[in-house]
Each structure stands twice: as structure tokens, then as C-alpha cells.
Amino acid sequence: MPGPPAGLCSSCRHQRVVRNTRGSSFSLCERSREGDRYPRYPRLPVSSCPGYEPRRCWPMSDPLYIAYHDDEWGRPVRDDALLLERLCLEGFQSGLSWLTILRKRERFRERFERFDPQRLARFGEEDVERLMADAGIVRNRAKIEAAIANANATLALQEAGETLTDLLWSFAPAGPQSAPTSLGDTPSATAESKAMARELKRRGFRFVGPTTAYALMQAVGIVNDHVLGCIVRAAVEDERARVGR
């Protein structure tokens, strides 16, 4: 369980969240700390407190963003079509907020054939013009053409007996990772993401610079950058251990 919020609970008003000697977190009446003059309120798990706010990696209030953080970001992905989607969307996100991409993601999936590499690779100039006229996606010709090129590059890997999954995961850092205390402690690029970007470009992929490559590594679980105390960090690490790194 994450560390308790500091100070008084804004919902319970008179309660304070404390940690007992056994490591469990409880909500206790603040007045019970003034000696034994007042009866102690029943002990409640912190998560049962109406004012409990679990720690996440960055401030967010949009339910779509919360669901993405809790259920997707950092969870390991080992499927070529899903990885192609994430790679392309990271490219589309460049210069925009990720929430913008999330809100458009279903439209992207619909218009880009669910990022199936065989179907997407068949897109031609007419398809590019059709996509450029669609306000439901990010209308950037270079990024649209890059997505098609990325599908072709994925097919080329498969025809050579390789997979996008194995290629991307080959750049997973060796050894255990320490949890960042905040997102400000995470790098924008690493030696591994720089090497990944170089290899992807060599293989014909586009819009895959070191920063985009590292954002992809974070998103698909190649690294676990959920911060220390984040409510899902441990679950993400367990999932990564189960599927192998």
C-alpha cells in the first residue's frame, strides 16, 4: 500500500492517517493522540477513508488518463500489432499531449486498420489523402506516411524471420531498476533508447528518435518508470517478471 497522505483528511476532517509499527496504515481520530481523554475511533484501512487519494505518477483527473495510467502504462506488451500501434502513436504524440492522443485513439485504430501491419502496409496515396481529411486523428502528413512506413518495416522484419516484439525487447536494460521518486527523476533518453532508435531507423522505421523510443519503452513495460509509492508500480513489476524481460 502506498504511503499515507500527510495531514488531516479533508473528508473526515478530524482524522489523521498514520502508520503503525506493523507497517499497516490506518486512519485514527486525531483526538485519540491527546492522551486517553477521548475514545479511539475504529481503525480503518487508509483506502477505506473517504478522503484517501492514492498516489499516481503524475497529477491527473481525467478518467481516461487515470485508466491509462493504472491499466496500461508500463504493462508489458509483446504483440507486434499492439507494439506497432504504440510506436506510431508515440510518433503522432510528438509536440502534443498524450491525453490528446488517448482521446483520438479509437479513431486512430478505426482509420489505421487496428494497426495490423499487413493491412496498413497496403495504404497508398489515396489513403493518405483520406486520412489528411479526417479531423478525428492528428492530420500530419509526415506522421501518417511514417505510420505506413513503420507497417512496411514490421512486415520486413517478419519476412526475415524476426518480430518487432523481439527487436524492441532486446533493448531492455540489464539488471534490476530502482524506482524513481518522481517523474522528474526519469531521463528523456537513455543509452538503450538511443541504440533502439538507431536500429529502428536502420530497419526503415520513422519518427523514432531516442526520446520517442524511451517513451515507448516506458509505455510498453520495457522499463518500469512508475514512481516510488505509485499504487500500481508493484503490480506492473510483478507482471513484467511473469512475462519475462
# chains A, B, ... in the order shown; residues from 1 in each chain; ligands from 1
>>> residues_around(residues="range 208-222 of chain A", least_positions_apart="3", cutoff="8 Å", atoms="only C-alpha atoms", output="number ranges by chain")
A: 72-77, 83, 86-87, 90-91, 94, 169, 171-173, 188-190, 193-198, 200-201, 205, 225, 236, 240, 245
>>> write_last_selection(atoms="C-alpha atoms", output="short mmCIF file (atom, residue, chain, number, x, y, z; two decimals), in the first residue's frame")
data_model
loop_
_atom_site.label_atom_id
_atom_site.label_comp_id
_atom_site.auth_asym_id
_atom_site.auth_seq_id
_atom_site.Cartn_x
_atom_site.Cartn_y
_atom_site.Cartn_z
CA GLU A 72 -1.82 0.24 -19.47
CA TRP A 73 1.21 2.45 -18.91
CA GLY A 74 4.21 0.27 -18.12
CA ARG A 75 2.36 -3.03 -18.53
CA PRO A 76 4.41 -5.36 -20.75
CA VAL A 77 3.26 -5.61 -24.37
CA LEU A 83 3.62 -2.55 -30.41
CA ARG A 86 2.15 2.22 -29.59
CA LEU A 87 5.19 3.11 -31.70
CA GLU A 90 4.16 7.89 -29.77
CA GLY A 91 5.24 9.45 -33.06
CA SER A 94 5.31 14.41 -30.64
CA TRP A 169 12.58 -6.04 -26.11
CA PHE A 171 16.92 -3.23 -25.73
CA ALA A 172 15.56 -3.85 -22.22
CA PRO A 173 18.12 -2.68 -19.63
CA SER A 188 14.17 11.67 -21.59
CA ALA A 189 16.51 9.24 -23.33
CA THR A 190 18.97 6.53 -22.34
CA SER A 193 16.74 4.14 -26.26
CA LYS A 194 19.44 5.74 -28.41
CA ALA A 195 20.54 2.31 -29.58
CA MET A 196 16.92 1.32 -30.21
CA ALA A 197 16.29 4.46 -32.27
CA ARG A 198 19.39 3.83 -34.38
CA LEU A 200 14.78 1.09 -35.86
CA LYS A 201 15.87 3.75 -38.33
CA PHE A 205 11.15 2.89 -39.19
CA ASP A 225 9.14 4.09 -14.52
CA VAL A 236 3.50 -3.66 -13.01
CA ARG A 240 6.91 -7.79 -16.09
CA ARG A 245 12.08 -9.15 -19.76
#
>>> closest_residue(among="A:Val223, A:Ile101, A:Ile148, A:Leu167", to="Glu239 in chain A", atoms="only C-alpha atoms")
A:Val223
>>> atom_distance(atom1="CA of Ser61 in chain A", atom2="CA of Leu99 in chain A")
11.2 Å
>>> closest_residue(among="A:Asn224, A:Gln118, A:Asn152, A:Asn140", to="Phe92 in chain A", atoms="only C-alpha atoms")
A:Asn140
>>> atom_distance(atom1="CA of Ser182 in chain A", atom2="CA of Val227 in chain A")
5.5 Å
>>> closest_residue(among="A:Ala121, A:Ile231, A:Ala81, A:Leu89", to="Arg107 in chain A", atoms="only C-alpha atoms")
A:Leu89
>>> residues_around(residues="His226 in chain A", least_positions_apart="5", cutoff="7 Å", atoms="only C-alpha atoms", output="number ranges by chain")
A: 57, 179, 233
>>> closest_residue(among="A:Pro54, A:Pro176, A:Leu96, A:Lys143", to="Ala241 in chain A", atoms="only C-alpha atoms")
A:Pro176
>>> select_by_dssp(residues="range 51-195 of chain A", states="alpha helix (DSSP H)", output="JSON, numbers by chain")
{"A": [63, 64, 65, 66, 67, 68, 69, 70, 71, 80, 81, 82, 83, 84, 85, 86, 87, 88, 89, 90, 91, 92, 93, 98, 99, 100, 101, 102, 103, 104, 105, 106, 107, 108, 109, 110, 111, 117, 118, 119, 120, 125, 126, 127, 128, 129, 130, 131, 132, 141, 142, 143, 144, 145, 146, 147, 148, 149, 150, 151, 152, 153, 154, 155, 156, 157, 158, 159, 164, 165, 166, 167, 168, 169, 191, 192, 193, 194, 195]}
>>> closest_residue(among="A:Phe123, A:Trp58, A:Phe115, A:Trp98", to="Glu145 in chain A", atoms="only C-alpha atoms")
A:Phe123
>>> residues_around(residues="Glu106 in chain A", least_positions_apart="6", cutoff="10 Å", atoms="only C-alpha atoms", output="MDAnalysis selection string")
chainID A and resid 112 114 136:137
>>> write_last_selection(atoms="N, CA and C atoms", output="compact mmCIF listing (two decimals), in the first residue's frame")
# COMPACT_ATOMS: atom_id res chain seq x y z
N PHE A 112 -6.71 3.30 -39.08
CA PHE A 112 -5.43 2.66 -39.41
C PHE A 112 -5.51 1.13 -39.33
N ARG A 114 -6.64 -0.99 -37.22
CA ARG A 114 -6.19 -1.56 -35.94
C ARG A 114 -4.68 -1.76 -35.92
N GLY A 136 -10.68 13.52 -36.95
CA GLY A 136 -10.69 12.68 -35.76
C GLY A 136 -9.32 12.16 -35.38
N ILE A 137 -8.32 12.36 -36.26
CA ILE A 137 -6.96 11.95 -35.96
C ILE A 137 -6.06 13.18 -35.99
>>> decode(residues="range 147-236 of chain A", atoms="C-alpha atoms", output="PDB file, in the first residue's frame")
ATOM      1  CA  ALA A 147       2.970   5.004 -39.776  1.00  0.00           C
ATOM      2  CA  ILE A 148       2.626   3.315 -43.179  1.00  0.00           C
ATOM      3  CA  ALA A 149       6.406   3.027 -43.479  1.00  0.00           C
ATOM      4  CA  ASN A 150       6.537   1.520 -39.980  1.00  0.00           C
ATOM      5  CA  ALA A 151       3.991  -1.117 -41.005  1.00  0.00           C
ATOM      6  CA  ASN A 152       6.142  -1.998 -44.017  1.00  0.00           C
ATOM      7  CA  ALA A 153       9.229  -2.180 -41.807  1.00  0.00           C
ATOM      8  CA  THR A 154       7.385  -4.503 -39.427  1.00  0.00           C
ATOM      9  CA  LEU A 155       6.445  -6.768 -42.319  1.00  0.00           C
ATOM     10  CA  ALA A 156      10.057  -6.775 -43.495  1.00  0.00           C
ATOM     11  CA  LEU A 157      11.120  -7.968 -40.043  1.00  0.00           C
ATOM     12  CA  GLN A 158       8.562 -10.744 -40.089  1.00  0.00           C
ATOM     13  CA  GLU A 159       9.506 -11.845 -43.599  1.00  0.00           C
ATOM     14  CA  ALA A 160      13.099 -12.119 -42.393  1.00  0.00           C
ATOM     15  CA  GLY A 161      12.001 -14.425 -39.576  1.00  0.00           C
ATOM     16  CA  GLU A 162      12.140 -11.726 -36.885  1.00  0.00           C
ATOM     17  CA  THR A 163       9.475  -9.887 -34.910  1.00  0.00           C
ATOM     18  CA  LEU A 164       9.032  -6.308 -33.800  1.00  0.00           C
ATOM     19  CA  THR A 165       8.457  -7.699 -30.306  1.00  0.00           C
ATOM     20  CA  ASP A 166      11.858  -9.387 -30.107  1.00  0.00           C
ATOM     21  CA  LEU A 167      13.614  -6.389 -31.634  1.00  0.00           C
ATOM     22  CA  LEU A 168      12.178  -3.860 -29.191  1.00  0.00           C
ATOM     23  CA  TRP A 169      12.584  -6.040 -26.109  1.00  0.00           C
ATOM     24  CA  SER A 170      16.212  -6.753 -26.987  1.00  0.00           C
ATOM     25  CA  PHE A 171      16.925  -3.231 -25.731  1.00  0.00           C
ATOM     26  CA  ALA A 172      15.564  -3.853 -22.222  1.00  0.00           C
ATOM     27  CA  PRO A 173      18.118  -2.681 -19.628  1.00  0.00           C
ATOM     28  CA  ALA A 174      20.021  -5.436 -17.868  1.00  0.00           C
ATOM     29  CA  GLY A 175      19.603  -5.908 -14.135  1.00  0.00           C
ATOM     30  CA  PRO A 176      17.033  -4.547 -11.682  1.00  0.00           C
ATOM     31  CA  GLN A 177      15.809  -0.971 -11.876  1.00  0.00           C
ATOM     32  CA  SER A 178      15.411   1.365  -8.944  1.00  0.00           C
ATOM     33  CA  ALA A 179      12.115   3.215  -8.684  1.00  0.00           C
ATOM     34  CA  PRO A 180      12.257   6.941  -9.488  1.00  0.00           C
ATOM     35  CA  THR A 181      10.994   9.169  -6.690  1.00  0.00           C
ATOM     36  CA  SER A 182       9.257  11.404  -9.238  1.00  0.00           C
ATOM     37  CA  LEU A 183       8.881  11.617 -12.999  1.00  0.00           C
ATOM     38  CA  GLY A 184      11.428  14.408 -12.874  1.00  0.00           C
ATOM     39  CA  ASP A 185      13.982  11.734 -11.976  1.00  0.00           C
ATOM     40  CA  THR A 186      13.357   9.796 -15.186  1.00  0.00           C
ATOM     41  CA  PRO A 187      15.513  10.523 -18.237  1.00  0.00           C
ATOM     42  CA  SER A 188      14.165  11.675 -21.587  1.00  0.00           C
ATOM     43  CA  ALA A 189      16.514   9.238 -23.325  1.00  0.00           C
ATOM     44  CA  THR A 190      18.973   6.534 -22.343  1.00  0.00           C
ATOM     45  CA  ALA A 191      21.801   4.622 -23.960  1.00  0.00           C
ATOM     46  CA  GLU A 192      19.315   1.828 -24.656  1.00  0.00           C
ATOM     47  CA  SER A 193      16.740   4.143 -26.256  1.00  0.00           C
ATOM     48  CA  LYS A 194      19.438   5.736 -28.408  1.00  0.00           C
ATOM     49  CA  ALA A 195      20.535   2.305 -29.580  1.00  0.00           C
ATOM     50  CA  MET A 196      16.920   1.316 -30.211  1.00  0.00           C
ATOM     51  CA  ALA A 197      16.287   4.457 -32.268  1.00  0.00           C
ATOM     52  CA  ARG A 198      19.385   3.833 -34.377  1.00  0.00           C
ATOM     53  CA  GLU A 199      18.407   0.242 -35.079  1.00  0.00           C
ATOM     54  CA  LEU A 200      14.777   1.089 -35.859  1.00  0.00           C
ATOM     55  CA  LYS A 201      15.870   3.753 -38.326  1.00  0.00           C
ATOM     56  CA  ARG A 202      18.288   1.304 -39.898  1.00  0.00           C
ATOM     57  CA  ARG A 203      15.372  -1.096 -40.333  1.00  0.00           C
ATOM     58  CA  GLY A 204      13.235   1.544 -42.080  1.00  0.00           C
ATOM     59  CA  PHE A 205      11.151   2.887 -39.188  1.00  0.00           C
ATOM     60  CA  ARG A 206      10.396   6.605 -38.997  1.00  0.00           C
ATOM     61  CA  PHE A 207       9.631   9.130 -36.235  1.00  0.00           C
ATOM     62  CA  VAL A 208      11.617   7.044 -33.770  1.00  0.00           C
ATOM     63  CA  GLY A 209      14.195   9.341 -32.189  1.00  0.00           C
ATOM     64  CA  PRO A 210      15.774   8.488 -28.802  1.00  0.00           C
ATOM     65  CA  THR A 211      13.129  10.425 -26.832  1.00  0.00           C
ATOM     66  CA  THR A 212      10.238   8.760 -28.650  1.00  0.00           C
ATOM     67  CA  ALA A 213      11.973   5.394 -28.245  1.00  0.00           C
ATOM     68  CA  TYR A 214      12.285   5.902 -24.491  1.00  0.00           C
ATOM     69  CA  ALA A 215       8.652   6.974 -24.183  1.00  0.00           C
ATOM     70  CA  LEU A 216       7.769   3.756 -26.000  1.00  0.00           C
ATOM     71  CA  MET A 217       9.951   1.734 -23.617  1.00  0.00           C
ATOM     72  CA  GLN A 218       8.104   3.283 -20.680  1.00  0.00           C
ATOM     73  CA  ALA A 219       4.668   2.714 -22.213  1.00  0.00           C
ATOM     74  CA  VAL A 220       5.091  -0.967 -23.105  1.00  0.00           C
ATOM     75  CA  GLY A 221       6.908  -2.138 -19.984  1.00  0.00           C
ATOM     76  CA  ILE A 222      10.428  -2.465 -21.334  1.00  0.00           C
ATOM     77  CA  VAL A 223      11.242  -0.252 -18.357  1.00  0.00           C
ATOM     78  CA  ASN A 224       9.125   0.372 -15.273  1.00  0.00           C
ATOM     79  CA  ASP A 225       9.142   4.090 -14.524  1.00  0.00           C
ATOM     80  CA  HIS A 226       6.186   4.134 -12.153  1.00  0.00           C
ATOM     81  CA  VAL A 227       7.422   6.211  -9.254  1.00  0.00           C
ATOM     82  CA  LEU A 228       8.136   5.033  -5.749  1.00  0.00           C
ATOM     83  CA  GLY A 229       4.835   4.743  -3.881  1.00  0.00           C
ATOM     84  CA  CYS A 230       2.689   4.661  -7.022  1.00  0.00           C
ATOM     85  CA  ILE A 231      -0.321   2.412  -6.456  1.00  0.00           C
ATOM     86  CA  VAL A 232       0.442   0.214  -9.471  1.00  0.00           C
ATOM     87  CA  ARG A 233       4.244   0.064  -9.514  1.00  0.00           C
ATOM     88  CA  ALA A 234       4.447  -3.266  -7.684  1.00  0.00           C
ATOM     89  CA  ALA A 235       1.732  -4.832  -9.852  1.00  0.00           C
ATOM     90  CA  VAL A 236       3.499  -3.657 -13.011  1.00  0.00           C
TER      91      VAL A 236
END
